[in-house]
Protein chains: 2
Amino acid sequence: MRIITVSREFGSGGRELGKRLADALNISYYDREIITAVAERTNLDEKYVEIALDQSVLSQIPISYSRTFSLLPDLVNSPAALLAQQHKAIEELAARGDCVIVGRNAETILKDFHPLKLFVYADKESKIERCLQRETKKESLSVHEIEKMMKQIDKARATNHDILSSFAWGDKREYHLCINTSGIEIKTLIPSIASYAENWFVQMQK
Amino acid sequence: MRIITVSREFGSGGRELGKRLADALNISYYDREIITAVAERTNLDEKYVEIALDQSVLSQIPISYSRTFSLLPDLVNSPAALLAQQHKAIEELAARGDCVIVGRNAETILKDFHPLKLFVYADKESKIERCLQRETKKESLSVHEIEKMMKQIDKARATNHDILSSFAWGDKREYHLCINTSGIEIKTLIPSIASYAENWFVQMQK
């Protein structure tokens, strides 16, 4: 079984890297599917699930997006309960076979699957640049706003991660390969990372 | 110009990786040459230079290996002065053209050469295992002794590094690629790292 998890700093291009890597290796890529699975399991709105999961479990968010708010006990729609459902959803997806999963603490959740764990990061300037390029006309954030968002999102990722793992989020000892994407076009990295991954699985399955 | 620096934890296989990478890319590999250059510049014994440079600059070591001890003023053979000579020697070697340099703070010393900076690390068990395999019959250290040596050497590397850099030794933000060699045969990693490096230089020289 070849499971690859991609943890990443916001704006580092980790999602693009994960998607392209899955394509190059011709294996599944799970992203939206995880949100959908959690929404189905909890009977909550996908948009709500997405927002709730991306926040820190420690921040209590109002359940304004719930489509069935009044019917659900707190136990089911609390952020912690959503994370538990996400845990199960990720395990079920991984059990289907070879895949790439970006974020969502998959590196910790799937430890019994012995995944290849990547961490993607970059310097601040490169991450801001990447966010600016990604912006649509509708949402034009200032550099200052992007920086603020970047900090908030990474902080939430770190908090959610650190609940599960004995390593701090981004500590290289938890990962097999840490990739600095500063100034690099993601797609050019794919052939060598795909070959790295293929070799790694051969070595590990010896 | 393609300069690759390899920083590494003791026992992680960084030296082997650097040597093999240089061979794969058909570029120079500098290791012993640096010691020799410093010994020539200072008129000190190579063995002494090697030991002195591998210690922390903060620890004052007796000059028992010096072949010209009585003739040299303290200024010349102090650990700090040796590090300064090493700095010059590394710059001169790098100026000759494409190369791989392992350790010796080359990643910081050569920053104006815009090197590709690798960091090689592994979990403790793998590093001990690698040290045990490397042992000759003559020097058979116990696991406990290896562990102790590993800590001492990495501490000295960290101390020497941190004098020069604004990042802590091993902080992934200082490097372009951090490679965890736990359980991996180094030589199998070379083709994909060589291809990663080649691509990286193309991207950076755009």
# chains A, B, ... in the order shown; residues from 1 in each chain; ligands from 1
$ interface_residues --of "chain A" --to "chain B" --cutoff "12 Å" --atoms "only C-alpha atoms" --output "NGL selection string"
:A and (9 or 116-124 or 170-206)
$ write_last_selection --atoms "N, CA and C atoms" --output "tab-separated table (two decimals), in the first residue's frame"
chain	number	residue	atom	x	y	z
A	9	GLU	N	2.56	24.37	4.84
A	9	GLU	CA	2.28	25.72	5.29
A	9	GLU	C	1.34	26.36	4.28
A	116	LEU	N	4.31	7.64	3.44
A	116	LEU	CA	5.44	8.54	3.16
A	116	LEU	C	4.94	9.93	3.54
A	117	LYS	N	5.61	10.58	4.47
A	117	LYS	CA	5.12	11.85	5.00
A	117	LYS	C	5.95	13.02	4.47
A	118	LEU	N	5.32	13.88	3.70
A	118	LEU	CA	6.00	15.06	3.15
A	118	LEU	C	5.58	16.30	3.92
A	119	PHE	N	6.49	17.24	4.04
A	119	PHE	CA	6.13	18.56	4.57
A	119	PHE	C	6.58	19.61	3.56
A	120	VAL	N	5.65	20.46	3.16
A	120	VAL	CA	5.95	21.46	2.14
A	120	VAL	C	5.92	22.84	2.79
A	121	TYR	N	6.96	23.62	2.56
A	121	TYR	CA	7.06	24.93	3.20
A	121	TYR	C	7.79	25.89	2.27
A	122	ALA	N	7.80	27.15	2.66
A	122	ALA	CA	8.48	28.15	1.83
A	122	ALA	C	8.72	29.39	2.68
A	123	ASP	N	9.54	30.30	2.17
A	123	ASP	CA	9.73	31.55	2.92
A	123	ASP	C	8.49	32.44	2.74
A	124	LYS	N	8.35	33.41	3.62
A	124	LYS	CA	7.14	34.22	3.66
A	124	LYS	C	6.86	34.91	2.32
A	170	GLY	N	5.28	20.62	11.84
A	170	GLY	CA	6.40	21.12	11.04
A	170	GLY	C	7.76	20.67	11.52
A	171	ASP	N	7.82	19.96	12.64
A	171	ASP	CA	9.10	19.42	13.12
A	171	ASP	C	9.57	18.38	12.11
A	172	LYS	N	10.72	18.60	11.51
A	172	LYS	CA	11.14	17.74	10.40
A	172	LYS	C	11.27	16.27	10.79
A	173	ARG	N	11.49	15.99	12.09
A	173	ARG	CA	11.65	14.59	12.51
A	173	ARG	C	10.39	13.76	12.26
A	174	GLU	N	9.26	14.43	12.15
A	174	GLU	CA	8.01	13.68	11.88
A	174	GLU	C	7.86	13.30	10.40
A	175	TYR	N	8.63	13.93	9.54
A	175	TYR	CA	8.41	13.75	8.10
A	175	TYR	C	9.59	13.04	7.45
A	176	HIS	N	9.34	12.48	6.27
A	176	HIS	CA	10.42	11.79	5.55
A	176	HIS	C	11.13	12.71	4.58
A	177	LEU	N	10.44	13.72	4.12
A	177	LEU	CA	11.06	14.66	3.18
A	177	LEU	C	10.39	16.01	3.39
A	178	CYS	N	11.22	17.05	3.61
A	178	CYS	CA	10.69	18.40	3.78
A	178	CYS	C	11.15	19.23	2.60
A	179	ILE	N	10.17	19.80	1.90
A	179	ILE	CA	10.44	20.42	0.61
A	179	ILE	C	10.19	21.91	0.69
A	180	ASN	N	11.23	22.68	0.46
A	180	ASN	CA	11.13	24.14	0.48
A	180	ASN	C	10.83	24.62	-0.95
A	181	THR	N	9.65	25.16	-1.15
A	181	THR	CA	9.22	25.53	-2.51
A	181	THR	C	9.50	27.00	-2.85
A	182	SER	N	10.27	27.69	-2.02
A	182	SER	CA	10.55	29.11	-2.29
A	182	SER	C	11.11	29.30	-3.70
A	183	GLY	N	10.42	30.12	-4.47
A	183	GLY	CA	10.92	30.48	-5.80
A	183	GLY	C	10.86	29.36	-6.83
A	184	ILE	N	10.17	28.29	-6.50
A	184	ILE	CA	10.15	27.11	-7.40
A	184	ILE	C	8.74	26.91	-7.96
A	185	GLU	N	8.68	26.58	-9.25
A	185	GLU	CA	7.38	26.24	-9.84
A	185	GLU	C	7.09	24.78	-9.46
A	186	ILE	N	5.97	24.58	-8.77
A	186	ILE	CA	5.67	23.26	-8.20
A	186	ILE	C	5.77	22.14	-9.23
A	187	LYS	N	5.23	22.38	-10.42
A	187	LYS	CA	5.14	21.26	-11.37
A	187	LYS	C	6.51	20.73	-11.78
A	188	THR	N	7.53	21.58	-11.69
A	188	THR	CA	8.87	21.11	-12.08
A	188	THR	C	9.46	20.15	-11.05
A	189	LEU	N	8.92	20.17	-9.83
A	189	LEU	CA	9.45	19.30	-8.77
A	189	LEU	C	8.91	17.87	-8.86
A	190	ILE	N	7.79	17.73	-9.56
A	190	ILE	CA	7.04	16.46	-9.48
A	190	ILE	C	7.82	15.23	-9.94
A	191	PRO	N	8.50	15.27	-11.11
A	191	PRO	CA	9.17	14.02	-11.52
A	191	PRO	C	10.16	13.50	-10.47
A	192	SER	N	10.95	14.40	-9.87
A	192	SER	CA	11.94	13.90	-8.91
A	192	SER	C	11.28	13.46	-7.60
A	193	ILE	N	10.23	14.14	-7.18
A	193	ILE	CA	9.55	13.72	-5.94
A	193	ILE	C	8.82	12.38	-6.17
A	194	ALA	N	8.21	12.24	-7.35
A	194	ALA	CA	7.54	10.97	-7.66
A	194	ALA	C	8.55	9.83	-7.64
A	195	SER	N	9.72	10.07	-8.20
A	195	SER	CA	10.74	9.02	-8.23
A	195	SER	C	11.26	8.76	-6.81
A	196	TYR	N	11.38	9.82	-6.03
A	196	TYR	CA	11.79	9.66	-4.62
A	196	TYR	C	10.78	8.77	-3.90
A	197	ALA	N	9.50	9.07	-4.10
A	197	ALA	CA	8.43	8.33	-3.42
A	197	ALA	C	8.44	6.87	-3.84
A	198	GLU	N	8.55	6.63	-5.13
A	198	GLU	CA	8.54	5.24	-5.60
A	198	GLU	C	9.68	4.44	-4.98
A	199	ASN	N	10.85	5.04	-4.96
A	199	ASN	CA	12.00	4.37	-4.36
A	199	ASN	C	11.79	4.13	-2.87
A	200	TRP	N	11.24	5.14	-2.21
A	200	TRP	CA	11.03	5.04	-0.76
A	200	TRP	C	10.14	3.85	-0.41
A	201	PHE	N	9.06	3.68	-1.19
A	201	PHE	CA	8.16	2.56	-0.90
A	201	PHE	C	8.84	1.22	-1.17
A	202	VAL	N	9.63	1.15	-2.21
A	202	VAL	CA	10.37	-0.09	-2.49
A	202	VAL	C	11.28	-0.42	-1.31
A	203	GLN	N	12.00	0.58	-0.81
A	203	GLN	CA	12.93	0.39	0.31
A	203	GLN	C	12.18	-0.04	1.57
A	204	MET	N	11.05	0.59	1.81
A	204	MET	CA	10.32	0.33	3.05
A	204	MET	C	9.62	-1.01	3.04
A	205	GLN	N	9.32	-1.49	1.84
A	205	GLN	CA	8.59	-2.76	1.77
A	205	GLN	C	9.51	-3.96	1.62
A	206	LYS	N	10.80	-3.70	1.75
A	206	LYS	CA	11.80	-4.78	1.71
A	206	LYS	C	11.65	-5.70	2.91
$ residues_around --residues "Ala168 (chain A)" --least-positions-apart "5" --cutoff "8 Å" --atoms "only C-alpha atoms" --output "list of chain:residue names"
A:Ala158, A:His161, A:Asp162
$ atom_distance --atom1 "CA of Asp98 (chain A)" --atom2 "CA of Ile4 (chain A)"
8.0 Å
$ residues_around --residues "Cys131 (chain A)" --least-positions-apart "2" --cutoff "10 Å" --atoms "only C-alpha atoms" --output "PyMOL selection string"
chain A and resi 10-13+125-129+133-135+141+143+146-147+150
$ select_by_dssp --residues "region 30-163 of chain B" --states "strand (DSSP E or B)" --output "JSON, numbers by chain"
{"B": [30, 99, 100, 101, 102, 116, 117, 118, 119, 120, 121]}
$ closest_residue --among "A:Gly97, A:Pro79, A:Gly103, A:Gly14" --to "Thr42 (chain A)" --atoms "only C-alpha atoms"
A:Pro79
$ residues_around --residues "Asn26 (chain B)" --least-positions-apart "2" --cutoff "12 Å" --atoms "only C-alpha atoms" --output "CSV table (one decimal) with C-alpha atoms, in the first residue's frame"
chain,number,residue,atom,x,y,z
B,2,ARG,CA,26.1,24.7,-9.0
B,18,GLY,CA,27.2,14.0,-0.7
B,19,LYS,CA,29.9,11.9,-2.2
B,20,ARG,CA,27.4,9.9,-4.3
B,21,LEU,CA,25.5,13.0,-5.3
B,22,ALA,CA,28.7,14.6,-6.6
B,23,ASP,CA,29.5,11.5,-8.6
B,24,ALA,CA,26.0,11.3,-10.0
B,28,SER,CA,33.7,18.0,-7.5
B,29,TYR,CA,33.4,16.7,-4.0
B,97,GLY,CA,33.2,25.7,-9.9
B,98,ASP,CA,30.4,23.2,-9.4
B,99,CYS,CA,30.8,21.1,-6.3
B,100,VAL,CA,29.3,19.3,-3.3
B,194,ALA,CA,20.3,14.4,-8.4
B,198,GLU,CA,19.3,19.7,-11.5
$ select_by_dssp --residues "region 3-200 of chain A" --states "helix (DSSP H, G or I)" --output "MDAnalysis selection string"
chainID A and resid 14:25 32:42 46:54 69:71 74:77 79:95 106:109 111:113 124:134 143:164 172:174 186:200
$ residues_around --residues "Tyr30 (chain B)" --least-positions-apart "3" --cutoff "8 Å" --atoms "only C-alpha atoms" --output "short mmCIF file (atom, residue, chain, number, x, y, z; two decimals) with C-alpha atoms, in the first residue's frame"
data_model
loop_
_atom_site.label_atom_id
_atom_site.label_comp_id
_atom_site.auth_asym_id
_atom_site.auth_seq_id
_atom_site.Cartn_x
_atom_site.Cartn_y
_atom_site.Cartn_z
CA GLU B 33 40.70 18.91 0.62
CA ILE B 34 39.34 21.46 3.08
CA LEU B 93 37.26 25.78 -3.46
CA CYS B 99 30.83 21.08 -6.28
CA VAL B 100 29.32 19.33 -3.26
CA ILE B 101 30.62 20.26 0.19
CA VAL B 102 29.57 18.26 3.25
#
$ closest_residue --among "B:Ala89, B:Ile153, B:Leu164, B:Ala84" --to "Asn105 (chain B)" --atoms "only C-alpha atoms"
B:Leu164
$ decode --residues "region 133-159 of chain B" --atoms "N, CA and C atoms" --output "CSV table (one decimal), in the first residue's frame"
chain,number,residue,atom,x,y,z
B,133,GLN,N,27.4,-0.4,11.6
B,133,GLN,CA,27.8,-1.0,10.3
B,133,GLN,C,29.1,-0.5,9.8
B,134,ARG,N,29.4,0.8,10.1
B,134,ARG,CA,30.5,1.5,9.6
B,134,ARG,C,31.8,1.1,10.4
B,135,GLU,N,31.6,0.6,11.6
B,135,GLU,CA,32.7,0.3,12.5
B,135,GLU,C,33.7,-0.7,11.9
B,136,THR,N,35.0,-0.5,12.2
B,136,THR,CA,36.0,-1.4,11.8
B,136,THR,C,36.2,-2.4,13.0
B,137,LYS,N,36.9,-3.4,12.8
B,137,LYS,CA,37.2,-4.3,13.9
B,137,LYS,C,37.9,-3.6,15.1
B,138,LYS,N,38.8,-2.8,14.7
B,138,LYS,CA,39.7,-2.1,15.6
B,138,LYS,C,38.8,-1.3,16.7
B,139,GLU,N,37.9,-0.5,16.2
B,139,GLU,CA,37.2,0.4,17.0
B,139,GLU,C,35.8,-0.1,17.2
B,140,SER,N,35.6,-0.9,18.2
B,140,SER,CA,34.2,-1.4,18.4
B,140,SER,C,33.5,-0.7,19.6
B,141,LEU,N,32.8,0.3,19.3
B,141,LEU,CA,32.1,1.1,20.3
B,141,LEU,C,30.8,0.4,20.7
B,142,SER,N,30.4,0.6,21.9
B,142,SER,CA,29.1,0.1,22.3
B,142,SER,C,28.0,1.1,21.9
B,143,VAL,N,26.8,0.6,21.9
B,143,VAL,CA,25.7,1.5,21.5
B,143,VAL,C,25.6,2.7,22.4
B,144,HIS,N,25.9,2.5,23.6
B,144,HIS,CA,25.9,3.6,24.6
B,144,HIS,C,27.0,4.6,24.2
B,145,GLU,N,28.2,4.1,23.8
B,145,GLU,CA,29.3,5.0,23.5
B,145,GLU,C,29.0,5.8,22.2
B,146,ILE,N,28.4,5.1,21.2
B,146,ILE,CA,28.0,5.7,20.0
B,146,ILE,C,27.0,6.8,20.2
B,147,GLU,N,26.0,6.5,21.1
B,147,GLU,CA,25.0,7.5,21.4
B,147,GLU,C,25.6,8.8,22.0
B,148,LYS,N,26.6,8.6,22.9
B,148,LYS,CA,27.2,9.7,23.5
B,148,LYS,C,28.0,10.5,22.5
B,149,MET,N,28.7,9.8,21.6
B,149,MET,CA,29.5,10.5,20.6
B,149,MET,C,28.6,11.3,19.7
B,150,MET,N,27.5,10.7,19.3
B,150,MET,CA,26.6,11.3,18.4
B,150,MET,C,26.1,12.6,19.0
B,151,LYS,N,25.8,12.6,20.3
B,151,LYS,CA,25.3,13.8,20.9
B,151,LYS,C,26.4,14.9,20.9
B,152,GLN,N,27.6,14.5,21.3
B,152,GLN,CA,28.7,15.4,21.4
B,152,GLN,C,29.0,16.1,20.0
B,153,ILE,N,29.1,15.2,19.0
B,153,ILE,CA,29.4,15.7,17.7
B,153,ILE,C,28.3,16.7,17.2
B,154,ASP,N,27.1,16.3,17.3
B,154,ASP,CA,26.0,17.1,16.8
B,154,ASP,C,25.9,18.4,17.6
B,155,LYS,N,26.3,18.3,18.9
B,155,LYS,CA,26.2,19.6,19.7
B,155,LYS,C,27.3,20.5,19.2
B,156,ALA,N,28.5,20.0,18.9
B,156,ALA,CA,29.6,20.8,18.4
B,156,ALA,C,29.2,21.4,17.1
B,157,ARG,N,28.6,20.6,16.2
B,157,ARG,CA,28.2,21.1,14.9
B,157,ARG,C,27.2,22.2,15.1
B,158,ALA,N,26.2,22.0,16.0
B,158,ALA,CA,25.2,23.0,16.2
B,158,ALA,C,25.8,24.3,16.7
B,159,THR,N,26.8,24.2,17.7
B,159,THR,CA,27.4,25.4,18.2
B,159,THR,C,28.2,26.2,17.2
